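Asker: What follows is the file my_file-v2.cif, containing mmCIF, C-alpha atoms and all ligand atoms:
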data_work
#
loop_
_atom_site.label_atom_id
_atom_site.label_comp_id
_atom_site.auth_asym_id
_atom_site.auth_seq_id
_atom_site.Cartn_x
_atom_site.Cartn_y
_atom_site.Cartn_z
CA MET A 21 0.00 0.00 0.00
CA MET A 22 1.50 3.27 -1.01
CA ILE A 23 1.60 5.59 2.07
CA THR A 24 0.68 8.99 0.67
CA CYS A 25 1.11 12.22 2.54
CA ARG A 26 -2.70 12.28 2.98
CA THR A 27 -2.69 8.82 4.61
CA THR A 28 0.09 9.85 6.98
CA HIS A 29 -1.88 12.94 7.84
CA LEU A 30 -5.03 10.89 8.54
CA LEU A 31 -3.02 8.44 10.63
CA MET A 32 -1.60 11.27 12.73
CA ILE A 33 -5.08 12.70 13.31
CA ALA A 34 -6.30 9.22 14.34
CA VAL A 35 -3.39 8.77 16.76
CA ALA A 36 -3.98 12.22 18.23
CA LEU A 37 -7.68 11.55 18.70
CA PHE A 38 -7.10 8.10 20.27
CA GLY A 39 -4.26 9.41 22.43
CA GLY A 40 -6.43 12.30 23.59
CA ALA A 41 -9.27 9.96 24.58
CA LEU A 42 -6.84 7.75 26.50
CA ILE A 43 -5.40 10.70 28.40
CA GLU A 44 -8.91 11.95 29.13
CA SER A 45 -9.96 8.65 30.69
CA GLU A 46 -6.75 8.49 32.76
CA LEU A 47 -7.37 12.05 33.89
CA SER A 48 -10.89 11.22 35.07
CA ILE A 49 -9.51 8.34 37.18
CA VAL A 50 -6.89 10.66 38.69
CA ARG A 51 -9.51 13.35 39.26
CA ALA A 52 -11.81 10.79 40.99
CA ALA A 53 -8.98 9.56 43.25
CA ALA A 54 -7.91 13.13 44.01
CA GLY A 55 -11.54 13.97 44.92
CA ARG A 56 -11.51 11.40 47.75
CA PRO A 57 -10.50 12.61 51.22
CA VAL A 58 -6.84 11.95 51.80
CA GLN A 59 -7.67 9.86 54.75
CA ASP A 60 -9.82 7.54 52.76
CA THR A 61 -7.30 7.00 50.01
CA GLN A 62 -4.53 6.60 52.55
CA LYS A 63 -6.55 4.03 54.50
CA LYS A 64 -7.26 2.05 51.39
CA ALA A 65 -3.73 2.25 50.10
CA ASP A 66 -1.96 1.02 53.26
CA GLY A 67 -4.85 -0.65 55.00
CA SER A 68 -4.17 1.16 58.25
CA MET A 69 -6.98 2.11 60.58
CA SER A 70 -7.66 4.58 63.31
CA GLU A 71 -10.00 4.52 66.27
CA TRP A 72 -12.49 6.40 64.06
CA ASP A 73 -13.10 3.18 62.08
CA GLY A 74 -15.29 1.52 64.75
CA VAL A 75 -12.72 -0.78 66.36
CA TYR A 76 -14.75 -1.99 69.40
CA THR A 77 -18.39 -2.95 70.05
CA ASP A 78 -20.98 -1.37 72.34
CA GLU A 79 -21.31 -4.70 74.11
CA GLN A 80 -17.56 -4.76 74.81
CA ALA A 81 -17.62 -1.19 76.19
CA LYS A 82 -20.51 -2.23 78.46
CA ARG A 83 -18.31 -5.07 79.77
CA GLY A 84 -15.49 -2.59 80.38
CA ALA A 85 -17.57 -0.05 82.33
CA PRO A 86 -17.89 -2.00 85.62
CA LEU A 87 -14.24 -3.08 85.37
CA TYR A 88 -13.21 0.55 85.06
CA SER A 89 -15.43 1.47 88.01
CA GLN A 90 -13.81 -1.26 90.11
CA PHE A 91 -10.16 -0.76 89.14
CA GLY A 92 -9.79 2.79 87.79
CA ALA A 93 -12.46 5.19 89.03
CA SER A 94 -10.89 5.66 92.48
CA CYS A 95 -7.98 7.52 90.88
CA HIS A 96 -9.10 8.62 87.40
CA GLY A 97 -12.62 9.63 88.52
CA PRO A 98 -16.03 7.98 87.97
CA ASP A 99 -16.44 9.79 84.63
CA LEU A 100 -12.78 9.47 83.51
CA THR A 101 -12.19 13.21 83.93
CA GLY A 102 -9.26 12.63 86.29
CA GLY A 103 -8.67 12.86 89.99
CA GLU A 104 -6.33 14.69 92.37
CA MET A 105 -3.38 12.49 91.48
CA ALA A 106 -4.32 10.83 88.23
CA PRO A 107 -4.93 12.40 84.80
CA ALA A 108 -8.14 12.27 82.79
CA LEU A 109 -8.69 9.28 80.52
CA ALA A 110 -11.29 11.08 78.43
CA GLY A 111 -11.32 14.49 76.74
CA ALA A 112 -8.95 16.79 74.86
CA ASP A 113 -5.85 16.44 77.09
CA PHE A 114 -6.00 12.65 77.01
CA SER A 115 -6.65 12.64 73.30
CA SER A 116 -3.75 14.94 72.49
CA ASN A 117 -1.45 12.91 74.78
CA TRP A 118 -1.99 9.84 72.58
CA ASN A 119 -2.41 11.50 69.19
CA GLY A 120 -0.11 9.91 66.60
CA LEU A 121 0.60 6.85 68.75
CA THR A 122 -1.30 3.55 68.48
CA LEU A 123 -3.94 1.68 70.47
CA GLY A 124 -1.21 -0.92 71.03
CA ASP A 125 0.92 1.70 72.83
CA LEU A 126 -2.03 2.75 75.01
CA PHE A 127 -2.96 -0.89 75.71
CA GLU A 128 0.60 -1.72 76.78
CA ARG A 129 0.75 1.39 78.98
CA MET A 130 -2.44 0.25 80.73
CA ARG A 131 -1.46 -3.41 80.83
CA THR A 132 2.01 -2.93 82.32
CA SER A 133 1.65 0.12 84.61
CA MET A 134 -2.02 0.21 85.64
CA PRO A 135 -3.82 0.05 88.01
CA GLN A 136 -1.04 1.99 89.69
CA ASN A 137 -1.76 0.22 93.02
CA ASP A 138 -1.51 -3.19 91.26
CA PRO A 139 0.47 -2.77 88.01
CA GLY A 140 -0.19 -5.59 85.55
CA GLY A 141 -2.95 -6.93 87.76
CA LEU A 142 -5.58 -7.01 85.00
CA SER A 143 -5.80 -9.61 82.23
CA ARG A 144 -5.37 -8.76 78.55
CA GLN A 145 -9.13 -9.28 78.05
CA GLN A 146 -10.00 -6.98 80.97
CA ASN A 147 -7.65 -4.31 79.58
CA ALA A 148 -9.17 -4.66 76.10
CA ASP A 149 -12.69 -4.25 77.51
CA ILE A 150 -11.64 -1.23 79.62
CA LEU A 151 -9.96 0.32 76.57
CA ALA A 152 -13.21 -0.21 74.61
CA TYR A 153 -15.04 1.63 77.42
CA MET A 154 -12.46 4.45 77.29
CA LEU A 155 -12.92 4.77 73.48
CA SER A 156 -16.68 4.89 73.95
CA SER A 157 -16.32 7.52 76.72
CA ASN A 158 -14.23 9.59 74.28
CA LYS A 159 -17.09 9.39 71.76
CA PHE A 160 -15.16 7.34 69.18
CA PRO A 161 -17.65 5.28 67.12
CA ALA A 162 -18.43 1.65 67.96
CA GLY A 163 -18.26 -0.99 65.24
CA THR A 164 -19.20 -4.61 64.77
CA THR A 165 -15.87 -6.19 65.69
CA GLU A 166 -14.50 -6.38 69.21
CA LEU A 167 -11.19 -4.79 70.08
CA GLY A 168 -8.60 -7.56 70.29
CA ARG A 169 -6.06 -8.13 73.08
CA ASP A 170 -3.02 -8.78 70.90
CA THR A 171 -0.56 -5.89 71.23
CA GLU A 172 0.91 -6.22 67.74
CA ALA A 173 -2.55 -6.19 66.17
CA LEU A 174 -3.53 -3.15 68.26
CA LYS A 175 -0.36 -1.39 67.06
CA GLN A 176 -1.96 -1.38 63.58
CA ILE A 177 -4.63 1.03 64.82
CA ARG A 178 -3.52 4.67 64.96
CA PHE A 179 -4.79 6.96 67.72
CA GLN A 180 -5.94 10.10 65.94
CA SER A 181 -7.41 12.99 67.95
CA LEU A 182 -9.12 14.68 65.03
CA LYS A 183 -11.81 12.94 63.06
CA PRO A 184 -10.62 12.24 59.49
CA GLN A 185 -12.40 14.49 56.93
C1 LIG B 201 -8.77 0.47 85.08
C2 LIG B 201 -7.69 0.90 85.69
C3 LIG B 201 -6.78 1.98 85.16
C4 LIG B 201 -6.52 2.35 83.87
C5 LIG B 201 -7.12 1.78 82.61
C6 LIG B 201 -5.53 3.43 83.91
C7 LIG B 201 -5.04 4.05 82.78
C8 LIG B 201 -4.05 5.02 82.79
C9 LIG B 201 -3.47 5.63 81.61
C10 LIG B 201 -3.84 5.28 80.18
C11 LIG B 201 -2.57 6.54 82.04
C12 LIG B 201 -1.73 7.48 81.14
C13 LIG B 201 -2.54 8.71 80.91
C14 LIG B 201 -1.91 9.65 79.90
O1 LIG B 201 -0.70 9.64 79.73
O2 LIG B 201 -2.64 10.35 79.21
C15 LIG B 201 -2.58 6.53 83.48
C16 LIG B 201 -1.80 7.36 84.27
C17 LIG B 201 -1.88 7.38 85.63
N1 LIG B 201 -2.68 6.57 86.44
FE1 LIG B 201 -3.94 5.11 85.84
N2 LIG B 201 -5.22 3.70 85.21
C18 LIG B 201 -5.95 2.85 86.00
C19 LIG B 201 -5.96 2.79 87.38
C20 LIG B 201 -5.24 3.64 88.18
C21 LIG B 201 -5.29 3.64 89.62
C22 LIG B 201 -6.14 2.69 90.48
C23 LIG B 201 -4.47 4.65 90.03
C24 LIG B 201 -4.13 5.08 91.43
C25 LIG B 201 -3.88 4.16 92.38
C26 LIG B 201 -3.91 5.27 88.84
C27 LIG B 201 -3.05 6.34 88.85
C28 LIG B 201 -2.47 6.92 87.73
C29 LIG B 201 -1.51 8.02 87.78
C30 LIG B 201 -1.03 8.73 89.04
C31 LIG B 201 -1.14 8.31 86.47
C32 LIG B 201 -0.17 9.40 85.99
C33 LIG B 201 1.23 8.96 86.30
C34 LIG B 201 1.66 8.00 85.25
O3 LIG B 201 1.76 8.45 84.13
O4 LIG B 201 1.92 6.82 85.52
N3 LIG B 201 -4.40 4.64 87.73
N4 LIG B 201 -3.49 5.59 83.91
#
What is this structure when it is put down as structure tokens?
Ligand code: HEM
Answerer:
Amino acid sequence: MMITCRTTHLLMIAVALFGGALIESELSIVRAAAGRPVQDTQKKADGSMSEWDGVYTDEQAKRGAPLYSQFGASCHGPDLTGGEMAPALAGADFSSNWNGLTLGDLFERMRTSMPQNDPGGLSRQQNADILAYMLSSNKFPAGTTELGRDTEALKQIRFQSLKPQ
């Protein structure tokens, strides 16, 4: 087939049109991804979670409430707002203390050093239930899966003071 100037010209137009369409579709994918809140994309990309993703159940927090009353309220206050000696375990100060760390760090802090009058005296399950109660008292959403008691697994959940947008 003899490739005339006209054919070349037509071919170039065709390539330009096809290329343009391809770029356009790529652009719409990029635009869609860019439109998503950073948090969402980030979560999906690396699979990490925060306490805003419903990481405990209401039932579990209900189990933790009487345990907290028995082992923590005497120092940290009946409503977790702190006592003379011990800091609050709910509210802005508490939340900013743990911002950027993980639930695994908080769990280990509780498990190894609390209750201060009997450090390490509570089981992993009791600590997990009390932590669920603390998350509920801090108004973080409940979910359908219970908070686990494995430290490494809990270290996959970031503590984030501000709700992701
Ligand atoms: C259910 C039982 C308890 C839990 C879950 C608990 C949890 C915690 C946590 C998470 C912190 C660190 C707070 C922060 O850095 O923001 C803390 C600190 C503290 N707690 Fe407790 N606590 C418990 C019981 C007690 C008891 C019974 C006492 C007193 C005898 C006590 C006294 C303190 C004190 C004085 C601090 C601050 C000093 C420190 O950092 O170690 N706690 N507690």
Asker: Return the single residue from A:Ala34, A:Met130, A:Met69, A:Leu87 that is closest to Lys175 of chain A, with distances computed using only C-alpha atoms.
Answerer: A:Met69
Asker: For segment 115-122 of chain A, please output as number ranges by chain all residues within 9 Å (counting all atoms listed in the file; exclusion window: fewer than 3 positions along the same chain).
Answerer: A: 70, 109-112, 125-127, 158, 174-182
Asker: Step by step, gather every atom of ligand LIG 201 (chain B) that the file lists, find the box along x, y and z that holds them, add 5 Å on each side, and finally give centre and edge lengths in Å to one decimal, as lines of an AutoDock Vina configuration file.
Answerer:
center_x = -3.4
center_y = 5.4
center_z = 85.8
size_x = 20.7
size_y = 19.9
size_z = 23.2
Asker: Kindly give the distance, in Å, that separates atom CA of Tyr76 of chain A and atom CA of Glu172 of chain A, rounded to a single decimal.
Answerer: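 The value is 16.3 Å.
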Asker: Could you work out how far atom CA of Arg131 of chain A lies from atom CA of Arg144 of chain A, giving the answer in Å with one decimal?
Answerer: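 Separation of atom CA of Arg144 of chain A and atom CA of Arg131 of chain A: 7.0 Å.
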